[in-house]
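upload_27.txt follows (compact mmCIF, C-alpha atoms and all ligand atoms):
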```
# COMPACT_ATOMS: atom_id res chain seq x y z
CA MET A 1 87.41 115.93 82.08
CA ALA A 2 87.02 117.09 78.47
CA GLU A 3 88.60 114.87 75.87
CA PRO A 4 92.06 116.14 74.85
CA LEU A 5 92.53 117.49 71.34
CA LEU A 6 95.67 115.45 70.75
CA VAL A 7 96.89 112.27 72.41
CA VAL A 8 100.44 111.10 71.75
CA GLU A 9 100.89 107.53 72.96
CA ASP A 10 104.23 105.72 73.19
CA LEU A 11 105.57 107.52 70.13
CA VAL A 12 108.81 106.09 68.74
CA THR A 13 110.52 107.90 65.85
CA VAL A 14 113.66 106.32 64.42
CA PHE A 15 116.34 107.55 62.00
CA GLU A 16 117.96 104.71 60.06
CA THR A 17 121.53 105.97 59.83
CA ASP A 18 124.69 104.32 58.45
CA GLU A 19 125.81 103.83 62.05
CA GLY A 20 122.55 102.09 62.94
CA PRO A 21 119.07 103.15 64.05
CA VAL A 22 118.75 106.28 66.19
CA ARG A 23 115.61 106.38 68.36
CA ALA A 24 115.28 110.17 68.47
CA VAL A 25 111.89 109.87 70.17
CA ASP A 26 111.57 106.78 72.31
CA GLY A 27 108.21 106.07 73.92
CA VAL A 28 106.91 109.60 74.37
CA SER A 29 103.34 110.15 75.63
CA PHE A 30 101.39 113.32 76.40
CA GLU A 31 98.03 114.94 75.78
CA VAL A 32 97.20 118.43 74.59
CA PRO A 33 93.96 119.74 76.08
CA ARG A 34 91.57 121.85 73.98
CA GLY A 35 92.55 125.48 74.27
CA GLY A 36 95.60 124.66 76.40
CA THR A 37 99.31 125.24 75.91
CA LEU A 38 101.75 122.39 76.43
CA ALA A 39 105.45 123.23 76.48
CA LEU A 40 108.09 120.71 75.40
CA VAL A 41 111.42 121.59 77.00
CA GLY A 42 114.85 120.04 77.13
CA GLU A 43 118.38 120.49 75.86
CA SER A 44 119.27 120.51 72.20
CA GLY A 45 118.91 117.08 70.62
CA CYS A 46 116.44 115.65 73.18
CA GLY A 47 113.78 115.07 70.52
CA LYS A 48 111.47 118.08 70.79
CA SER A 49 111.49 118.96 67.10
CA VAL A 50 111.30 115.34 65.95
CA THR A 51 108.24 114.90 68.19
CA SER A 52 106.52 117.85 66.51
CA LEU A 53 107.57 116.78 63.01
CA SER A 54 106.12 113.34 63.79
CA ILE A 55 102.77 114.97 64.63
CA MET A 56 102.89 116.97 61.39
CA GLY A 57 103.83 113.92 59.30
CA LEU A 58 107.01 115.74 58.26
CA VAL A 59 109.81 113.57 59.67
CA PRO A 60 112.62 113.83 57.10
CA GLU A 61 114.33 110.80 55.54
CA PRO A 62 115.89 108.57 56.83
CA GLY A 63 113.47 109.02 59.72
CA HIS A 64 110.05 107.45 60.29
CA VAL A 65 107.48 106.93 63.00
CA ALA A 66 108.18 103.37 64.06
CA ALA A 67 105.58 102.86 66.79
CA GLY A 68 102.92 104.54 68.84
CA ARG A 69 99.77 106.51 68.11
CA ILE A 70 99.08 110.20 67.48
CA LEU A 71 95.34 110.59 67.97
CA PHE A 72 93.79 113.79 66.66
CA GLY A 73 90.04 114.16 66.28
CA GLY A 74 89.61 110.39 66.57
CA ARG A 75 92.14 109.61 63.81
CA ASP A 76 95.68 108.28 64.12
CA LEU A 77 98.08 110.66 62.36
CA ALA A 78 100.87 108.08 62.67
CA THR A 79 99.19 105.88 60.07
CA MET A 80 97.49 108.54 57.96
CA ASP A 81 98.46 108.71 54.28
CA GLU A 82 100.24 111.77 52.89
CA ARG A 83 97.18 113.03 50.99
CA ALA A 84 95.04 113.10 54.12
CA MET A 85 97.89 114.70 56.10
CA ARG A 86 98.23 117.42 53.48
CA ALA A 87 94.55 118.27 53.93
CA LEU A 88 95.09 118.62 57.69
CA ARG A 89 98.36 120.57 57.62
CA GLY A 90 97.80 124.30 57.51
CA ARG A 91 94.08 123.72 57.99
CA ARG A 92 93.57 121.93 61.30
CA ILE A 93 97.20 121.75 62.46
CA SER A 94 99.73 124.49 61.73
CA MET A 95 103.34 125.05 62.63
CA ILE A 96 105.56 128.07 63.04
CA PHE A 97 109.28 127.61 62.94
CA GLN A 98 112.18 129.38 64.56
CA ASP A 99 113.40 131.26 61.52
CA PRO A 100 110.71 132.99 59.46
CA SER A 101 113.24 133.79 56.70
CA SER A 102 113.59 130.15 55.77
CA SER A 103 109.85 129.42 55.98
CA LEU A 104 108.62 132.30 53.80
CA ASN A 105 109.13 132.10 50.06
CA PRO A 106 111.36 135.06 49.07
CA VAL A 107 109.93 135.38 45.55
CA TYR A 108 106.28 135.84 46.52
CA THR A 109 104.66 138.75 48.35
CA VAL A 110 103.51 138.00 51.87
CA GLY A 111 99.93 138.61 50.76
CA ARG A 112 100.18 135.93 48.10
CA GLN A 113 101.52 133.46 50.64
CA ILE A 114 98.66 134.07 53.05
CA GLU A 115 96.11 134.00 50.23
CA GLU A 116 97.46 130.68 48.93
CA THR A 117 96.98 129.06 52.33
CA LEU A 118 93.43 130.39 52.54
CA ARG A 119 92.51 129.35 49.02
CA ALA A 120 94.11 125.91 49.30
CA HIS A 121 91.96 125.00 52.27
CA LEU A 122 88.90 127.21 52.36
CA ALA A 123 87.73 127.52 48.73
CA MET A 124 87.74 131.32 48.89
CA SER A 125 87.59 133.67 45.92
CA ALA A 126 90.74 135.68 45.17
CA LYS A 127 89.02 138.85 46.33
CA ALA A 128 87.80 137.36 49.60
CA ALA A 129 91.22 135.83 50.29
CA ARG A 130 92.94 139.20 49.80
CA ALA A 131 90.48 140.92 52.13
CA ARG A 132 90.97 138.20 54.73
CA ALA A 133 94.77 138.39 54.35
CA ILE A 134 94.65 142.14 55.10
CA GLU A 135 92.51 141.41 58.17
CA LEU A 136 94.99 138.78 59.32
CA LEU A 137 97.97 141.10 58.87
CA ALA A 138 96.15 143.71 60.94
CA ARG A 139 95.35 141.10 63.58
CA VAL A 140 98.99 140.13 64.00
CA GLY A 141 99.94 143.77 64.47
CA ILE A 142 101.38 144.69 61.08
CA PRO A 143 100.94 148.43 60.50
CA ALA A 144 99.41 149.63 57.21
CA PRO A 145 98.34 146.06 56.28
CA SER A 146 96.72 147.03 52.98
CA GLU A 147 100.12 148.29 51.80
CA ARG A 148 102.31 145.66 53.48
CA ILE A 149 100.31 142.89 51.86
CA ASP A 150 102.25 143.58 48.65
CA ALA A 151 105.66 143.54 50.36
CA TYR A 152 108.20 140.77 49.77
CA PRO A 153 109.61 139.07 52.87
CA HIS A 154 113.01 140.82 52.56
CA GLN A 155 111.25 144.18 52.82
CA LEU A 156 110.07 143.34 56.36
CA SER A 157 112.00 143.12 59.63
CA GLY A 158 112.54 139.75 61.36
CA GLY A 159 109.77 140.47 63.86
CA MET A 160 107.36 141.45 61.09
CA ARG A 161 108.23 138.30 59.14
CA GLN A 162 107.47 136.20 62.21
CA ARG A 163 104.11 138.01 62.50
CA VAL A 164 103.43 137.07 58.87
CA MET A 165 104.26 133.44 59.68
CA ILE A 166 101.80 133.58 62.58
CA ALA A 167 99.17 135.06 60.24
CA ILE A 168 99.74 132.18 57.77
CA ALA A 169 99.65 129.59 60.56
CA LEU A 170 96.41 130.96 61.98
CA ALA A 171 94.78 131.82 58.63
CA CYS A 172 92.52 128.79 58.60
CA GLU A 173 91.83 128.88 62.36
CA PRO A 174 93.59 125.59 63.14
CA GLU A 175 92.70 123.60 66.23
CA LEU A 176 96.39 122.98 66.98
CA LEU A 177 99.35 125.29 66.52
CA ILE A 178 102.87 123.93 66.96
CA ALA A 179 105.34 126.72 67.69
CA ASP A 180 108.95 125.51 67.45
CA GLU A 181 111.22 128.05 69.18
CA PRO A 182 109.06 130.84 67.74
CA THR A 183 111.12 133.69 69.18
CA THR A 184 114.69 132.36 69.26
CA ALA A 185 115.78 134.17 66.10
CA LEU A 186 114.44 137.53 67.29
CA ASP A 187 115.93 140.15 69.56
CA VAL A 188 114.68 140.41 73.12
CA THR A 189 112.13 143.26 72.86
CA ILE A 190 110.62 141.74 69.72
CA GLN A 191 110.52 138.33 71.44
CA ALA A 192 108.32 139.79 74.18
CA GLN A 193 105.96 141.33 71.63
CA ILE A 194 105.63 138.10 69.67
CA LEU A 195 104.95 136.10 72.85
CA GLU A 196 102.33 138.58 73.90
CA LEU A 197 100.74 138.30 70.46
CA LEU A 198 100.73 134.49 70.59
CA GLY A 199 99.14 134.54 74.05
CA ALA A 200 96.48 137.04 72.97
CA LEU A 201 95.65 135.14 69.77
CA GLN A 202 95.38 131.91 71.66
CA ARG A 203 92.99 133.38 74.21
CA GLU A 204 90.93 134.83 71.40
CA THR A 205 90.77 131.80 69.13
CA GLY A 206 90.93 128.93 71.64
CA THR A 207 93.60 127.20 69.53
CA SER A 208 95.62 124.58 71.41
CA VAL A 209 99.36 125.15 71.32
CA ILE A 210 102.42 122.92 71.56
CA LEU A 211 105.28 125.22 72.39
CA ILE A 212 108.80 123.98 71.85
CA THR A 213 111.38 126.01 73.67
CA HIS A 214 114.69 126.21 75.46
CA ASP A 215 113.55 129.31 77.23
CA LEU A 216 112.07 128.90 80.72
CA GLY A 217 110.84 132.50 80.60
CA VAL A 218 108.69 131.57 77.60
CA VAL A 219 107.39 128.53 79.48
CA ALA A 220 106.52 130.67 82.50
CA GLU A 221 104.68 133.12 80.30
CA LEU A 222 102.66 130.86 78.02
CA ALA A 223 102.47 127.23 79.17
CA ASP A 224 99.78 125.46 81.17
CA GLU A 225 101.54 122.13 81.28
CA VAL A 226 105.19 121.20 80.75
CA VAL A 227 106.78 118.05 79.35
CA VAL A 228 110.50 117.77 80.08
CA MET A 229 112.39 115.59 77.59
CA TYR A 230 115.81 114.03 77.94
CA ALA A 231 117.54 111.88 75.30
CA GLY A 232 114.31 110.98 73.51
CA ARG A 233 112.25 110.24 76.64
CA VAL A 234 109.87 112.19 78.84
CA VAL A 235 111.45 112.47 82.30
CA GLU A 236 108.85 114.71 83.93
CA ARG A 237 105.45 116.09 83.11
CA ALA A 238 103.44 118.49 85.28
CA GLN A 239 101.26 121.55 85.41
CA LYS A 240 103.51 124.60 85.07
CA SER A 241 103.09 125.78 88.66
CA ALA A 242 103.85 122.31 90.06
CA LEU A 243 106.90 121.99 87.85
CA PHE A 244 108.33 125.35 88.84
CA THR A 245 107.58 125.02 92.55
CA SER A 246 108.35 121.33 93.05
CA PRO A 247 110.35 119.82 90.21
CA ARG A 248 110.95 116.13 90.97
CA HIS A 249 113.37 114.77 88.41
CA PRO A 250 117.04 115.61 89.09
CA TYR A 251 117.29 116.79 85.46
CA THR A 252 114.36 119.21 85.86
CA ARG A 253 115.85 120.39 89.16
CA GLY A 254 119.07 121.07 87.33
CA LEU A 255 117.28 123.04 84.62
CA LEU A 256 115.42 125.09 87.18
CA ARG A 257 118.14 125.50 89.77
CA SER A 258 118.55 129.19 89.14
CA VAL A 259 114.84 129.87 88.82
CA PRO A 260 113.14 130.78 92.12
CA SER A 261 109.46 130.44 91.08
CA SER A 262 107.23 130.55 88.06
CA THR A 263 106.20 134.11 88.77
CA ALA A 264 109.76 135.24 89.21
CA VAL A 265 111.16 133.59 86.08
CA SER A 266 112.84 136.30 84.14
CA ARG A 267 112.45 136.53 80.40
CA ALA A 268 116.15 135.87 80.11
CA ALA A 269 116.02 132.58 82.03
CA ARG A 270 117.43 130.25 79.40
CA LEU A 271 118.24 126.66 80.22
CA PRO A 272 121.37 126.76 82.37
CA THR A 273 124.22 124.45 81.57
CA ILE A 274 124.22 121.14 83.38
CA ARG A 275 127.53 119.39 83.81
CA GLY A 276 128.33 116.56 81.40
CA VAL A 277 126.88 115.87 77.99
CA VAL A 278 123.74 114.27 76.63
CA PRO A 279 124.45 110.57 75.89
CA ASP A 280 124.89 109.40 72.31
CA LEU A 281 121.51 107.97 71.28
CA ARG A 282 123.33 105.07 69.56
CA ALA A 283 125.16 104.08 72.73
CA LEU A 284 122.80 104.67 75.62
CA PRO A 285 123.73 103.41 79.10
CA ALA A 286 121.65 100.59 80.58
CA GLY A 287 118.96 102.02 82.86
CA CYS A 288 118.30 105.72 83.33
CA ARG A 289 119.69 107.87 80.51
CA PHE A 290 120.51 110.73 82.89
CA GLN A 291 122.56 108.64 85.35
CA ASP A 292 126.01 109.85 84.21
CA ARG A 293 125.07 113.45 84.92
CA CYS A 294 122.98 112.85 88.03
CA GLU A 295 124.36 113.52 91.49
CA HIS A 296 121.80 111.09 92.96
CA ALA A 297 122.68 108.17 90.68
CA ALA A 298 122.67 104.84 92.54
CA PRO A 299 123.17 101.21 91.44
CA ALA A 300 119.37 100.87 91.03
CA CYS A 301 119.49 103.54 88.32
CA ARG A 302 121.41 101.13 86.11
CA ASP A 303 118.85 98.34 86.45
CA ALA A 304 116.08 99.65 84.19
CA ASP A 305 115.01 102.69 82.23
CA PRO A 306 112.50 104.19 84.70
CA ALA A 307 108.88 104.48 83.60
CA LEU A 308 107.02 107.77 83.84
CA VAL A 309 104.74 107.33 86.86
CA ALA A 310 102.31 109.54 88.77
CA LEU A 311 103.68 110.99 92.00
CA THR A 312 102.91 109.01 95.10
CA MET A 313 103.58 111.64 97.74
CA GLY A 314 103.96 115.33 98.30
CA ALA A 315 102.10 116.54 95.23
CA ALA A 316 99.29 119.06 95.41
CA PRO A 317 96.03 116.99 95.36
CA ASP A 318 94.84 118.51 92.08
CA ALA A 319 98.21 117.83 90.52
CA LEU A 320 98.41 114.22 91.68
CA SER A 321 97.13 112.63 88.52
CA SER A 322 99.04 114.92 86.18
CA HIS A 323 102.47 115.24 87.84
CA ARG A 324 104.57 112.35 86.59
CA VAL A 325 108.23 111.61 86.89
CA ALA A 326 110.60 108.93 85.58
CA CYS A 327 113.12 108.43 88.40
CA VAL A 328 113.56 105.40 90.65
CA ARG A 329 114.74 107.67 93.50
CA GLU A 330 111.82 110.09 93.21
CA SER A 331 110.21 109.25 96.56
CA GLU A 332 113.57 109.46 98.39
CA LEU A 333 114.18 112.83 96.80
CA ALA A 334 110.68 114.01 97.69
CA SER A 335 110.95 112.89 101.31
CA GLY A 336 114.15 114.88 101.70
CA ALA A 337 116.25 111.79 102.37
CA LEU A 338 118.71 113.01 99.77
CA ALA A 339 118.45 116.71 100.64
CA THR A 340 121.64 116.87 102.71
CA GLN A 341 123.69 115.40 99.92
CA SER A 342 122.03 117.83 97.52
CA GLN A 343 122.81 120.83 99.72
CA GLU A 344 126.40 119.75 100.14
CA THR A 345 127.10 119.24 96.50
CA GLY A 346 124.82 121.86 94.96
CA VAL A 347 121.98 120.64 92.80
CA VAL A 348 123.27 118.77 89.76
N1 LIG B 1 118.05 113.86 59.85
C1 LIG B 1 118.48 113.18 60.92
N2 LIG B 1 119.27 112.09 60.79
C2 LIG B 1 119.69 111.39 61.86
N3 LIG B 1 119.35 111.69 63.13
C3 LIG B 1 118.59 112.77 63.32
C4 LIG B 1 118.11 113.57 62.23
N4 LIG B 1 117.35 114.57 62.76
C5 LIG B 1 117.37 114.40 64.10
N5 LIG B 1 118.11 113.32 64.43
C6 LIG B 1 118.33 112.80 65.79
O1 LIG B 1 117.24 113.18 66.57
C7 LIG B 1 117.69 113.76 67.79
C8 LIG B 1 116.66 114.75 68.25
O2 LIG B 1 116.64 115.87 67.38
P1 LIG B 1 115.64 117.09 67.60
O3 LIG B 1 115.87 118.03 66.46
O4 LIG B 1 114.26 116.60 67.81
O5 LIG B 1 116.15 117.73 68.94
P2 LIG B 1 115.63 119.03 69.65
O6 LIG B 1 115.37 118.67 71.05
O7 LIG B 1 114.50 119.62 68.88
O8 LIG B 1 116.91 119.96 69.54
P3 LIG B 1 117.02 121.51 69.18
O9 LIG B 1 116.56 122.21 70.42
O10 LIG B 1 118.49 121.68 68.92
O11 LIG B 1 116.17 121.75 67.98
C9 LIG B 1 119.04 114.33 67.46
O12 LIG B 1 119.87 114.36 68.58
C10 LIG B 1 119.58 113.37 66.43
O13 LIG B 1 120.22 112.31 67.09
```

Once you've parsed the file, please lay out its structure as C-alpha cells.
Ligand SMILES: Nc1ncnc2c1ncn2[C@@H]1O[C@H](COP(=O)(O)OP(=O)(O)OP(=O)(O)O)[C@@H](O)[C@H]1O
Amino acid sequence: MAEPLLVVEDLVTVFETDEGPVRAVDGVSFEVPRGGTLALVGESGCGKSVTSLSIMGLVPEPGHVAAGRILFGGRDLATMDERAMRALRGRRISMIFQDPSSSLNPVYTVGRQIEETLRAHLAMSAKAARARAIELLARVGIPAPSERIDAYPHQLSGGMRQRVMIAIALACEPELLIADEPTTALDVTIQAQILELLGALQRETGTSVILITHDLGVVAELADEVVVMYAGRVVERAQKSALFTSPRHPYTRGLLRSVPSSTAVSRAARLPTIRGVVPDLRALPAGCRFQDRCEHAAPACRDADPALVALTMGAAPDALSSHRVACVRESELASGALATQSQETGVV
C-alpha cells in the first residue's frame, strides 16, 4: 500500500486551564492517504477542530501538543519550529474555515489576498501572481474574475467569499487541505455547489483532504474514510461504506440511526441528537467515555478506556484491517447477542 501523506500517532493536545488540564485530544491516531478524503465527525466539543489546529501548528494558548507524532513528508509537525511551520502553511498544507468572513481581511481586495499567498510561497512577480489569481478565481467558479479580483470581501456573497477562500487555500497546490465545516455558514443550495466544487478540485489536483463536519450528508458525498470522535478519543474508524452499512460503536450507531445507507443519506442528514450530554473533559468517568449515554453499558465498560482495535468478525474482508472500533462489547454487538435489547429500547 502507498505510504500515507499524513500519519497522526497518539496525538494528545492539552489546554492548561485554571480548573486544571483539559485533554481536548487524547491519543488520536489516523492516516490520510495521498489523494484521499478523511472525514472527522462527532458532536461539538469532541476535539475535531483541535486535532486540525494541532496539525497546522495553530493550537491557541493555553493549549499545546503534549504528546504524539504528526508525520508529514517524513517530518514530525508536532516538534517543528514556528518558522518551518510557517513555510509549510499555505504552501503544502492549507485550511479553510467555516466562516469566510472572519478569515478574509476586509480591508484588502480578494485579488491582493490571493496574490499575497502566491508571492509569499512561490516567488512570483506581481504580474504573474495577478494573472494566476484571475485563473484561480475562474477555477473556483467566480464569474467575471478579471473584474471581481478587485472586489473587497463585503462586495461578494457568502458563497462567493467561500470560493475565494478555496482559491487562496489551493493557490499553491497544497498536498493537504483541511476543510473545517466548510459549508456550515452557507445556505443549502450554496452548500451543495461548494461541495461539488471541492470534490471536483480534489479529483483534478489530487490534493488529500481532511474534512471536519457535523453533516453526514457531506460525509456521504465526499469522504473515503471516516474517523468518529467522542470526548477527545477516536471511537470508530472505517471506510465510508463500511461505516454507513455496519457501524459498530454504539455512538456511531446512534449518529447513524436515522440514516438508511450511504447512498441514501440526504444532504440534510445532520447529526441527530443522542440522549444525554458529552462528559466534562475535566471529570471523565473511569473506563469508556460514552458509558453514561450507552444503552449497552455493562460493568466491564467501567474497567478501562477501550483501545481502538481492528474488527475480529463480520467485517468485509477488504475492510478488516481498516475498520476499527473502541468498544469492549463490540463482538457481542456484532454477533447480534445484544440485538433484542437494542430492538426493544431503540438504538441509543
Ligand atoms: N481555548 C480553549 N481553552 C480551553 N479548552 C479548550 C479551548 N479550545 C478548545 N478547548 C477544549 O477542547 C475541546 C474540543 O474542542 P474542539 O473545538 O476541537 O471541538 P469540535 O469537535 O471541533 O467542536 P465544534 O464542532 O463545536 O467545532 C472543547 O470541548 C474544550 O473542552

Selected residue, from A:Arg275, A:Arg119, A:Arg233, A:Arg253, that lies nearest to ligand LIG 1 (chain B) when counting only C-alpha atoms and all ligand atoms: A:Arg233

Contacts of ligand LIG 1 (chain B), 9 Å or closer, only C-alpha atoms and all ligand atoms, given as a PyMOL selection string: chain A and resi 13-17+21-25+40-53+59-63+180-181+212-214+229-232+278+280-282

Point-to-point distance in Å for CA of Ala179 in chain A and CA of Leu11 in chain A: 19.4 Å

Pairwise distance for CA of Tyr251 in chain A and CA of Asp224 in chain A, rounded to one decimal in Å: 20.0 Å

Nearest residue to Gly206 in chain A from the set A:Ala298, A:Val218, A:Val28, A:Leu170 (distances using all atoms listed in the file): A:Leu170

Gap from CA of Gly158 in chain A to CA of Gln191 in chain A - Å, one decimal: 10.4 Å

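For the choices A:Pro174, A:Pro250, A:Pro279, A:Gly36, the atom-to-atom distance to Arg91 in chain A is smallest for A:Pro174 when using only C-alpha atoms.
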
Ref. answer, residues at most 8 Å from (114.4, 133.8, 64.7) with all atoms listed in the file, as a ChimeraX atom specification: /A:98-100,158,162,181-186

Among the residues A:Gln155, A:Thr79, A:Arg86, A:Asp26, the one that comes closest to Leu284 in chain A [using all atoms listed in the file]: A:Asp26

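Of the listed residues (A:Ile134, A:Arg148, A:Ala171, A:Glu204), A:Ala171 comes nearest to Ala120 in chain A; the distances count all atoms listed in the file.
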